[in-house]
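Student: File name work_29.txt; file contents compact mmCIF, C-alpha atoms and all ligand atoms; full text below.
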```txt
# COMPACT_ATOMS: atom_id res chain seq x y z
CA MET D 1 -53.05 -94.70 147.87
CA ASN D 2 -56.03 -92.43 147.34
CA ARG D 3 -56.09 -89.96 150.20
CA PHE D 4 -59.86 -89.70 150.27
CA LEU D 5 -60.26 -93.46 150.65
CA VAL D 6 -57.73 -93.58 153.47
CA LEU D 7 -59.57 -90.76 155.21
CA THR D 8 -62.90 -92.52 154.73
CA SER D 9 -61.62 -95.77 156.21
CA VAL D 10 -60.16 -93.96 159.21
CA LEU D 11 -63.47 -92.18 159.72
CA VAL D 12 -65.43 -95.42 159.50
CA LEU D 13 -63.02 -96.96 162.01
CA VAL D 14 -63.28 -94.05 164.42
CA LEU D 15 -67.07 -93.99 164.23
CA GLY D 16 -67.25 -97.77 164.53
CA CYS D 17 -65.21 -97.73 167.74
CA LYS D 18 -66.50 -94.49 169.24
CA ASN D 19 -68.27 -96.11 172.18
CA GLN D 20 -65.28 -98.16 173.19
CA SER D 21 -62.17 -96.32 174.29
CA LYS D 22 -59.11 -98.58 174.54
CA GLU D 23 -59.56 -99.09 178.31
CA GLU D 24 -63.18 -100.08 177.99
CA VAL D 25 -62.75 -102.69 175.26
CA ASP D 26 -64.17 -106.01 176.36
CA THR D 27 -61.48 -108.67 175.89
CA SER D 28 -63.98 -110.99 174.21
CA ASP D 29 -64.59 -108.33 171.57
CA LYS D 30 -60.95 -107.63 170.63
CA SER D 31 -61.17 -109.22 167.20
CA VAL D 32 -63.49 -106.49 165.93
CA HIS D 33 -60.93 -103.71 166.28
CA TRP D 34 -58.29 -104.44 163.71
CA SER D 35 -57.99 -103.27 160.16
CA TYR D 36 -55.80 -103.27 157.08
CA ASP D 37 -54.34 -99.80 157.54
CA GLY D 38 -53.65 -97.00 160.02
CA GLU D 39 -53.68 -97.25 163.82
CA THR D 40 -55.14 -100.76 163.91
CA GLY D 41 -53.31 -102.03 160.79
CA PRO D 42 -51.14 -105.17 160.47
CA GLU D 43 -48.04 -103.64 162.15
CA ARG D 44 -50.13 -103.18 165.31
CA TRP D 45 -52.03 -106.48 165.31
CA SER D 46 -49.80 -108.10 167.92
CA GLU D 47 -50.22 -105.10 170.27
CA LEU D 48 -53.95 -104.72 169.77
CA GLU D 49 -54.76 -108.36 170.14
CA GLY D 50 -53.08 -109.30 173.42
CA GLU D 51 -53.04 -113.07 173.02
CA THR D 52 -52.19 -113.59 169.39
CA HIS D 53 -49.46 -115.22 167.34
CA CYS D 54 -49.21 -112.26 164.94
CA ASN D 55 -45.51 -111.85 165.91
CA GLY D 56 -44.79 -115.59 165.54
CA ASN D 57 -42.22 -117.28 163.34
CA PHE D 58 -44.64 -119.31 161.22
CA GLN D 59 -46.87 -116.62 159.82
CA SER D 60 -48.82 -116.29 156.58
CA PRO D 61 -49.04 -115.24 153.83
CA ILE D 62 -45.66 -115.82 152.21
CA ASN D 63 -44.06 -115.60 148.81
CA LEU D 64 -44.10 -119.14 147.38
CA VAL D 65 -40.52 -119.36 146.09
CA ASN D 66 -37.56 -121.73 146.54
CA TYR D 67 -39.97 -124.62 146.97
CA LYS D 68 -39.12 -128.27 146.93
CA VAL D 69 -40.86 -130.43 144.34
CA SER D 70 -41.98 -133.65 146.00
CA GLU D 71 -43.07 -136.78 144.14
CA ASP D 72 -44.72 -137.95 147.38
CA LEU D 73 -47.36 -135.22 147.40
CA GLU D 74 -50.64 -136.72 146.25
CA PRO D 75 -53.79 -135.00 144.95
CA ILE D 76 -55.84 -133.51 147.77
CA ASP D 77 -58.50 -135.94 148.99
CA LEU D 78 -61.54 -133.71 148.47
CA HIS D 79 -65.07 -134.76 149.38
CA TYR D 80 -67.19 -131.95 147.97
CA SER D 81 -70.83 -132.51 147.07
CA GLU D 82 -73.16 -130.47 144.88
CA LYS D 83 -75.80 -130.94 147.58
CA THR D 84 -73.97 -129.12 150.38
CA ILE D 85 -75.98 -126.15 151.60
CA LEU D 86 -74.53 -122.68 151.47
CA HIS D 87 -76.08 -121.18 154.56
CA ASP D 88 -75.42 -117.46 154.40
CA VAL D 89 -73.20 -114.63 153.23
CA ALA D 90 -71.88 -112.01 155.64
CA ASN D 91 -69.98 -108.75 155.34
CA ASN D 92 -67.86 -108.85 158.52
CA GLY D 93 -66.10 -105.58 157.73
CA HIS D 94 -62.88 -107.39 156.77
CA SER D 95 -64.11 -109.57 153.91
CA ILE D 96 -67.18 -111.03 152.25
CA GLN D 97 -67.68 -114.48 153.75
CA TYR D 98 -69.91 -117.38 152.63
CA ASP D 99 -70.71 -119.93 155.34
CA PHE D 100 -71.51 -123.58 154.68
CA GLU D 101 -73.65 -126.03 156.56
CA GLU D 102 -71.87 -129.29 157.38
CA GLY D 103 -71.30 -131.59 154.41
CA ASP D 104 -68.10 -130.86 152.48
CA PHE D 105 -64.77 -132.06 153.84
CA LEU D 106 -61.26 -133.10 152.91
CA ILE D 107 -58.93 -135.74 154.32
CA HIS D 108 -55.45 -134.55 155.22
CA GLU D 109 -52.99 -137.02 156.76
CA THR D 110 -55.90 -139.35 157.72
CA ASP D 111 -57.70 -136.55 159.57
CA THR D 112 -61.08 -135.09 158.51
CA PHE D 113 -61.31 -131.32 158.01
CA HIS D 114 -64.79 -129.86 157.45
CA LEU D 115 -65.34 -126.94 155.10
CA LYS D 116 -66.66 -124.07 157.21
CA GLN D 117 -66.54 -120.99 155.00
CA PHE D 118 -64.81 -119.20 152.20
CA HIS D 119 -63.93 -115.53 151.80
CA PHE D 120 -61.96 -113.19 149.56
CA HIS D 121 -58.82 -111.07 149.60
CA GLU D 122 -58.28 -108.33 147.02
CA PRO D 123 -55.60 -108.41 145.82
CA ALA D 124 -54.16 -111.84 146.71
CA GLU D 125 -52.19 -112.45 149.92
CA HIS D 126 -49.85 -115.23 148.79
CA LEU D 127 -47.40 -114.49 146.04
CA ILE D 128 -46.53 -117.24 143.55
CA GLU D 129 -42.91 -116.70 142.59
CA GLY D 130 -43.36 -113.00 143.28
CA VAL D 131 -46.59 -112.65 141.33
CA ARG D 132 -49.65 -111.21 143.08
CA TYR D 133 -53.00 -112.17 141.52
CA PRO D 134 -56.01 -109.78 141.63
CA LEU D 135 -58.02 -112.03 143.96
CA GLU D 136 -57.45 -114.92 146.41
CA ILE D 137 -60.20 -117.14 147.78
CA HIS D 138 -59.66 -118.93 151.10
CA LEU D 139 -61.61 -122.15 151.71
CA VAL D 140 -61.33 -122.66 155.46
CA HIS D 141 -61.50 -126.25 156.79
CA GLN D 142 -61.24 -127.30 160.42
CA ASN D 143 -60.88 -130.62 162.26
CA GLU D 144 -62.16 -131.59 165.72
CA SER D 145 -58.92 -130.41 167.36
CA LYS D 146 -59.59 -126.93 165.88
CA GLU D 147 -56.63 -127.15 163.51
CA PHE D 148 -57.01 -125.68 160.04
CA VAL D 149 -56.40 -126.64 156.45
CA VAL D 150 -56.95 -123.63 154.20
CA LEU D 151 -57.23 -124.18 150.47
CA SER D 152 -56.27 -121.13 148.49
CA VAL D 153 -57.55 -120.42 145.00
CA MET D 154 -56.09 -117.57 142.95
CA ALA D 155 -58.31 -115.75 140.47
CA LYS D 156 -57.18 -113.80 137.43
CA GLU D 157 -59.07 -111.55 135.06
CA GLY D 158 -60.66 -113.43 132.21
CA LYS D 159 -64.07 -114.68 131.30
CA ASN D 160 -67.15 -114.43 133.46
CA SER D 161 -67.42 -117.17 136.11
CA LYS D 162 -70.86 -118.81 136.37
CA PRO D 163 -70.48 -119.93 140.00
CA PHE D 164 -69.44 -116.38 140.88
CA GLU D 165 -72.65 -115.08 139.27
CA LEU D 166 -74.68 -117.11 141.74
CA LEU D 167 -72.56 -115.99 144.68
CA GLU D 168 -72.75 -112.35 143.64
CA SER D 169 -76.51 -112.48 143.15
CA TYR D 170 -76.65 -112.09 146.96
CA LEU D 171 -74.59 -108.89 146.83
CA PRO D 172 -74.30 -106.05 147.61
CA ILE D 173 -74.28 -106.54 151.33
CA GLN D 174 -73.61 -103.84 153.89
CA LYS D 175 -70.95 -103.99 156.60
CA GLY D 176 -72.28 -106.03 159.52
CA GLU D 177 -75.09 -107.53 157.45
CA THR D 178 -75.80 -111.26 156.95
CA LYS D 179 -78.09 -112.66 154.26
CA LEU D 180 -79.51 -116.16 154.35
CA ILE D 181 -78.88 -118.24 151.24
CA GLN D 182 -79.85 -121.82 152.16
CA ARG D 183 -79.40 -123.42 148.80
CA PRO D 184 -77.01 -126.09 147.51
CA PHE D 185 -73.68 -124.92 146.16
CA ASP D 186 -70.93 -126.99 144.58
CA ILE D 187 -67.66 -125.41 145.69
CA SER D 188 -65.67 -127.67 143.35
CA GLN D 189 -66.89 -125.44 140.50
CA ASN D 190 -64.64 -122.71 141.90
CA LEU D 191 -61.49 -124.82 141.78
CA PRO D 192 -58.93 -124.82 138.95
CA GLN D 193 -58.83 -127.75 136.55
CA ASN D 194 -55.24 -128.66 137.38
CA LYS D 195 -55.09 -129.57 141.07
CA GLY D 196 -51.32 -129.14 141.48
CA TYR D 197 -50.48 -127.16 144.60
CA PHE D 198 -47.94 -125.72 147.03
CA SER D 199 -48.09 -126.69 150.69
CA TYR D 200 -46.49 -125.27 153.83
CA ASN D 201 -47.20 -124.69 157.53
CA GLY D 202 -48.36 -121.21 158.43
CA SER D 203 -51.02 -119.18 160.17
CA LEU D 204 -54.34 -117.44 159.77
CA THR D 205 -53.66 -114.18 157.93
CA THR D 206 -55.93 -112.20 160.26
CA PRO D 207 -55.88 -111.80 164.07
CA PRO D 208 -55.41 -113.92 166.14
CA CYS D 209 -52.93 -115.22 163.45
CA SER D 210 -53.12 -118.76 164.95
CA GLU D 211 -50.28 -121.01 163.77
CA GLU D 212 -52.18 -124.27 163.35
CA VAL D 213 -52.72 -123.93 159.63
CA THR D 214 -51.71 -126.20 156.78
CA TRP D 215 -51.80 -124.09 153.64
CA ILE D 216 -52.58 -125.66 150.28
CA VAL D 217 -52.30 -123.10 147.48
CA PHE D 218 -53.37 -124.19 144.00
CA LYS D 219 -50.83 -123.31 141.31
CA GLN D 220 -53.38 -122.69 138.57
CA ALA D 221 -55.66 -119.65 138.82
CA ILE D 222 -59.35 -119.65 137.94
CA GLU D 223 -60.83 -116.95 135.72
CA VAL D 224 -63.34 -114.32 136.79
CA SER D 225 -64.37 -111.17 134.96
CA LEU D 226 -63.11 -107.72 135.86
CA GLU D 227 -66.67 -106.74 136.87
CA GLN D 228 -66.85 -109.69 139.26
CA VAL D 229 -63.60 -108.66 140.95
CA GLU D 230 -64.75 -105.03 141.05
CA LEU D 231 -68.00 -105.86 142.86
CA LEU D 232 -66.15 -107.69 145.65
CA LYS D 233 -63.52 -104.95 145.79
CA TYR D 234 -66.22 -102.33 146.22
CA LEU D 235 -67.72 -104.17 149.21
CA MET D 236 -64.51 -105.04 151.06
CA PRO D 237 -61.94 -102.80 152.78
CA ILE D 238 -59.40 -101.42 150.29
CA ASN D 239 -56.52 -103.88 149.90
CA ASN D 240 -57.69 -106.42 152.48
CA TYR D 241 -54.45 -108.39 152.36
CA ARG D 242 -51.60 -108.85 154.79
CA GLU D 243 -48.04 -108.28 153.53
CA GLU D 244 -45.79 -111.32 152.95
CA GLN D 245 -44.21 -112.78 156.09
CA PRO D 246 -40.65 -114.16 156.52
CA HIS D 247 -40.14 -117.86 155.78
CA HIS D 248 -37.96 -118.46 158.89
CA GLY D 249 -36.55 -121.66 157.39
CA ARG D 250 -39.85 -123.30 156.59
CA VAL D 251 -39.91 -125.78 153.73
CA ILE D 252 -42.45 -125.15 150.98
CA TYR D 253 -43.46 -128.23 149.03
CA SER D 254 -44.77 -128.36 145.51
CA THR D 255 -46.53 -131.20 143.72
CA SER D 256 -44.83 -132.55 140.61
CA PHE D 257 -48.10 -132.08 138.66
ZN ZN H 301 -58.33 -115.23 154.31
```
What do you get writing this file as C-alpha cells?
Tutor:
Amino acid sequence: MNRFLVLTSVLVLVLGCKNQSKEEVDTSDKSVHWSYDGETGPERWSELEGETHCNGNFQSPINLVNYKVSEDLEPIDLHYSEKTILHDVANNGHSIQYDFEEGDFLIHETDTFHLKQFHFHEPAEHLIEGVRYPLEIHLVHQNESKEFVVLSVMAKEGKNSKPFELLESYLPIQKGETKLIQRPFDISQNLPQNKGYFSYNGSLTTPPCSEEVTWIVFKQAIEVSLEQVELLKYLMPINNYREEQPHHGRVIYSTSF
C-alpha cells in the first residue's frame, strides 16, 4: 500500500483522537475510534470495543463458496416505493451513508424490516466464489426487535449509472459532514435485474459486529462507471472493507434462479 496514504490516515487518526487518551474515552463514544488499518484496525476491534462480537463465530463478511442451492428460497419480498424520501447523506469517516425516512421495507420470514440507510465499501467485502468486486453497497434494514437484514449489491465497472449520478450530485462531502437531501429516491433502481441471491447468518462488518444479521447478497452485479467508483473511493477511507471471516460450519444458501 502507498506509504504516504498510510501515513496520512494515521495522522488523521491521531489528530482526530488527540483530546481523548485511551483512559479518558467515554464508553458511549467507543464506536468513533476504530479504523480499517493500523492501531485501531480490524485485528484490534474486539479489544478496542469492549462489548462487541467482533471475535464471535458468526462474523461477516465471508467468501460465498460451497453454498447449497435451495429450491425453497423465494424472491425477496421487497416493498420499495419511488416516493420514499432520502433524508440526508453523511460522511461518518468510515463510509458515505445515505439515510432514508420511513417508507421502504421488506418482509423476511413474516417479519417487517424497514430500510434505514445504505452505504458503500470499496472494494467489496463479500467475495463471490473468491471474486472481489470493486464496490459493495449495503442496504441496511431493521425490525422492531433491532435485528437486521442487510441486502448487498455488488457493483462492477461498466456504463454510467443514472441513479448514482443523483446520489453523487450531493458529493463531495467532508468527514463528519451531513447534507440534507429530502427528495424521493427509488432504491430499486440500484438493484440488479436478476434477483437471485445468496443468504446466510452473519454479523455487521463494523464494530460492534453484532451477530443478528441475515445477509442477502445478490448474485448479479450492477454497473457503475469508473469515475463513479473513483469519487466514492476518494471520499472514503482507503480500502474500507473487513477481511473475510471463517465460516465456522455455517450453511450458505443460494437461490436456484
Ligand atoms: Zn457495510
Student: How many Å lie between atom CA of Glu223 of chain D and atom CA of Pro123 of chain D, rounded to one decimal?
Tutor: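 Spanning atom CA of Glu223 of chain D to atom CA of Pro123 of chain D is a straight-line distance of 14.2 Å.
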Student: Calculate how many Å separate atom CA of Lys83 of chain D from atom CA of His141 of chain D, rounding to one decimal.
Tutor: 17.6 Å
Student: Check which residues fall inside 9 Å of ligand ZN 301 (chain H) when counting all atoms listed in the file, and print them as JSON, numbers by chain.
Tutor: {"D": [95, 118, 119, 120, 121, 125, 136, 137, 138, 139, 140, 150, 152, 204, 205, 206, 241]}
Student: Atom CA of Arg132 of chain D and atom CA of Tyr98 of chain D, how far apart in Å?
Tutor: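 Result for atom CA of Tyr98 of chain D versus atom CA of Arg132 of chain D: 23.2 Å, one decimal.
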Student: If we count all atoms listed in the file and set the cut-off at 12 Å, which residues sit around His247 of chain D, ignoring sequence neighbours fewer than 5 positions away in its own chain? Please answer as a PDB file with C-alpha atoms, keeping the file's coordinate frame.
Tutor:
```pdb
ATOM      1  CA  GLY D  56     -44.790-115.590 165.540  1.00  0.00           C
ATOM      2  CA  ASN D  57     -42.220-117.280 163.340  1.00  0.00           C
ATOM      3  CA  PHE D  58     -44.640-119.310 161.220  1.00  0.00           C
ATOM      4  CA  GLN D  59     -46.870-116.620 159.820  1.00  0.00           C
ATOM      5  CA  SER D  60     -48.820-116.290 156.580  1.00  0.00           C
ATOM      6  CA  PRO D  61     -49.040-115.240 153.830  1.00  0.00           C
ATOM      7  CA  ILE D  62     -45.660-115.820 152.210  1.00  0.00           C
ATOM      8  CA  ASN D  63     -44.060-115.600 148.810  1.00  0.00           C
ATOM      9  CA  LEU D  64     -44.100-119.140 147.380  1.00  0.00           C
ATOM     10  CA  VAL D  65     -40.520-119.360 146.090  1.00  0.00           C
ATOM     11  CA  ASN D  66     -37.560-121.730 146.540  1.00  0.00           C
ATOM     12  CA  TYR D  67     -39.970-124.620 146.970  1.00  0.00           C
ATOM     13  CA  TYR D 200     -46.490-125.270 153.830  1.00  0.00           C
ATOM     14  CA  ASN D 201     -47.200-124.690 157.530  1.00  0.00           C
ATOM     15  CA  GLY D 202     -48.360-121.210 158.430  1.00  0.00           C
ATOM     16  CA  SER D 203     -51.020-119.180 160.170  1.00  0.00           C
ATOM     17  CA  ILE D 252     -42.450-125.150 150.980  1.00  0.00           C
TER      18      ILE D 252
END
```
Student: Compile a residue-level contact table for segment 69-127 of chain D against segment 183-194 of chain D at a cut-off of 6 Å, reporting for every qualifying residue the shortest atom pair and its distance in Å to one decimal, with all atoms listed in the file counted, rows ordered by chain and ascending number, as a Markdown table.
Tutor:
```
| residue | atom | partner | partner_atom | distance |
| --- | --- | --- | --- | --- |
| D:Glu82 | CA | D:Asp186 | CA | 4.1 |
| D:Lys83 | CA | D:Pro184 | CA | 5.0 |
| D:Thr84 | CA | D:Pro184 | CA | 5.2 |
| D:Ile85 | CA | D:Pro184 | CA | 4.2 |
| D:Leu86 | CA | D:Arg183 | CA | 5.6 |
```
Student: Would you please work out which residue, of D:Pro134, D:Gly249, D:Pro207, D:Pro237, is nearest to Asn55 of chain D when using all atoms listed in the file?
Tutor: D:Pro207
Student: From the options D:Glu243, D:Glu122, D:Glu129, D:Glu147, which residue's atoms come nearest to Leu231 of chain D, counting all atoms listed in the file?
Tutor: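 With all atoms listed in the file as the atom set, the closest residue is D:Glu122.
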Student: Compile the contact shell of Asp104 of chain D as a VMD selection string: residues with an atom at most 6 Å away, counting all atoms listed in the file, same-chain residues fewer than 3 positions apart removed.
Tutor: chain D and resid 79 to 80 115
Student: Please save C-alpha atoms of the selected residues as a compact mmCIF listing (two decimals), keeping the file's coordinate frame.
Tutor:
```txt
# COMPACT_ATOMS: atom_id res chain seq x y z
CA HIS D 79 -65.07 -134.76 149.38
CA TYR D 80 -67.19 -131.95 147.97
CA LEU D 115 -65.34 -126.94 155.10
```
Student: Would you mind telling me which residue in D:Glu244, D:Glu43, D:Glu144, D:Glu71 lies nearest to His126 of chain D when using all atoms listed in the file?
Tutor: D:Glu244
Student: Quick one: residues within 8 Å of Cys54 of chain D, all atoms listed in the file, excluding same-chain residues fewer than 3 positions away - as a VMD selection string?
Tutor: chain D and resid 45 to 46 59 207 to 210
Student: Counting all atoms listed in the file, which of D:Gln97, D:Glu51, D:Ser70, D:Pro75 gets nearest to Lys179 of chain D?
Tutor: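 Smallest distance to Lys179 of chain D is found for D:Gln97.
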Student: Step by step: start from the point (-74.3, -122.2, 156.7) in the file's coordinates, keep every protein, DNA or RNA residue that has an atom no farther than 8 Å from it, count all atoms listed in the file, and write the set as an NGL selection string.
Tutor: :D and (85-88 or 98-102 or 116 or 182)
Student: Restricting the calculation to only C-alpha atoms: of D:Thr110, D:Ser254, D:Gln142, D:Gln228, which residue gets closest to Val69 of chain D?
Tutor: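 Nearest candidate to Val69 of chain D out of D:Thr110, D:Ser254, D:Gln142, D:Gln228: D:Ser254.
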Student: In terms of the shortest atom-to-atom distance over only C-alpha atoms, which of D:Met154, D:Leu226, D:Val131, D:Leu78 is closest to His114 of chain D?
Tutor: D:Leu78
Student: Need to verify the contact set: Ile96 of chain D, 10 Å, only C-alpha atoms, exclusion of same-chain residues closer than 3 positions in sequence. Can you return it as an MDAnalysis selection string?
Tutor: chainID D and resid 89:93 118:121 171:175 178 232:233 235:237
Student: Mind checking which residues fall within 7 Å of Pro42 of chain D, counting all atoms listed in the file, ignoring those fewer than 4 positions away in the same chain, and posting them as a list in words?
Tutor: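 Final neighbour list, sorted by chain and number: Tyr36, Asp37 and Arg242 of chain D.
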Student: Start from the incomplete input, build N, CA, C and O atoms for segment 133-149 of chain D, and deliver everything as a short mmCIF file (atom, residue, chain, number, x, y, z; two decimals), in the coordinates of the input.
Tutor:
```cif
data_model
loop_
_atom_site.label_atom_id
_atom_site.label_comp_id
_atom_site.auth_asym_id
_atom_site.auth_seq_id
_atom_site.Cartn_x
_atom_site.Cartn_y
_atom_site.Cartn_z
N TYR D 133 -51.79 -112.12 142.34
CA TYR D 133 -53.00 -112.17 141.52
C TYR D 133 -54.02 -111.15 142.04
O TYR D 133 -53.92 -110.69 143.18
N PRO D 134 -55.03 -110.80 141.21
CA PRO D 134 -56.01 -109.78 141.63
C PRO D 134 -56.90 -110.22 142.79
O PRO D 134 -57.44 -109.39 143.51
N LEU D 135 -57.07 -111.54 142.96
CA LEU D 135 -58.02 -112.03 143.96
C LEU D 135 -57.56 -113.37 144.50
O LEU D 135 -57.02 -114.18 143.75
N GLU D 136 -57.75 -113.61 145.81
CA GLU D 136 -57.45 -114.92 146.41
C GLU D 136 -58.65 -115.35 147.23
O GLU D 136 -59.20 -114.57 148.00
N ILE D 137 -59.05 -116.60 147.04
CA ILE D 137 -60.20 -117.14 147.78
C ILE D 137 -59.66 -118.14 148.80
O ILE D 137 -58.86 -119.02 148.45
N HIS D 138 -60.08 -118.02 150.04
CA HIS D 138 -59.66 -118.93 151.10
C HIS D 138 -60.81 -119.85 151.50
O HIS D 138 -61.84 -119.37 151.98
N LEU D 139 -60.61 -121.16 151.30
CA LEU D 139 -61.61 -122.15 151.71
C LEU D 139 -61.13 -122.72 153.04
O LEU D 139 -60.15 -123.47 153.09
N VAL D 140 -61.81 -122.35 154.12
CA VAL D 140 -61.33 -122.66 155.46
C VAL D 140 -61.95 -123.97 155.97
O VAL D 140 -63.18 -124.09 156.06
N HIS D 141 -61.07 -124.94 156.27
CA HIS D 141 -61.50 -126.25 156.79
C HIS D 141 -60.95 -126.42 158.19
O HIS D 141 -59.83 -125.98 158.49
N GLN D 142 -61.70 -127.12 159.04
CA GLN D 142 -61.24 -127.30 160.42
C GLN D 142 -61.55 -128.72 160.88
O GLN D 142 -62.58 -129.28 160.51
N ASN D 143 -60.63 -129.28 161.70
CA ASN D 143 -60.88 -130.62 162.26
C ASN D 143 -61.39 -130.49 163.70
O ASN D 143 -61.59 -129.37 164.20
N GLU D 144 -61.58 -131.64 164.36
CA GLU D 144 -62.16 -131.59 165.72
C GLU D 144 -61.21 -130.98 166.72
O GLU D 144 -61.65 -130.46 167.75
N SER D 145 -59.90 -131.02 166.45
CA SER D 145 -58.92 -130.41 167.36
C SER D 145 -58.73 -128.92 167.06
O SER D 145 -57.79 -128.31 167.55
N LYS D 146 -59.62 -128.36 166.23
CA LYS D 146 -59.59 -126.93 165.88
C LYS D 146 -58.36 -126.53 165.09
O LYS D 146 -57.96 -125.36 165.11
N GLU D 147 -57.72 -127.50 164.42
CA GLU D 147 -56.63 -127.15 163.51
C GLU D 147 -57.24 -126.86 162.13
O GLU D 147 -58.33 -127.33 161.83
N PHE D 148 -56.48 -126.10 161.33
CA PHE D 148 -57.01 -125.68 160.04
C PHE D 148 -56.25 -126.26 158.85
O PHE D 148 -55.03 -126.44 158.91
N VAL D 149 -56.99 -126.51 157.78
CA VAL D 149 -56.40 -126.64 156.45
C VAL D 149 -57.11 -125.58 155.62
O VAL D 149 -58.33 -125.56 155.53
#
```
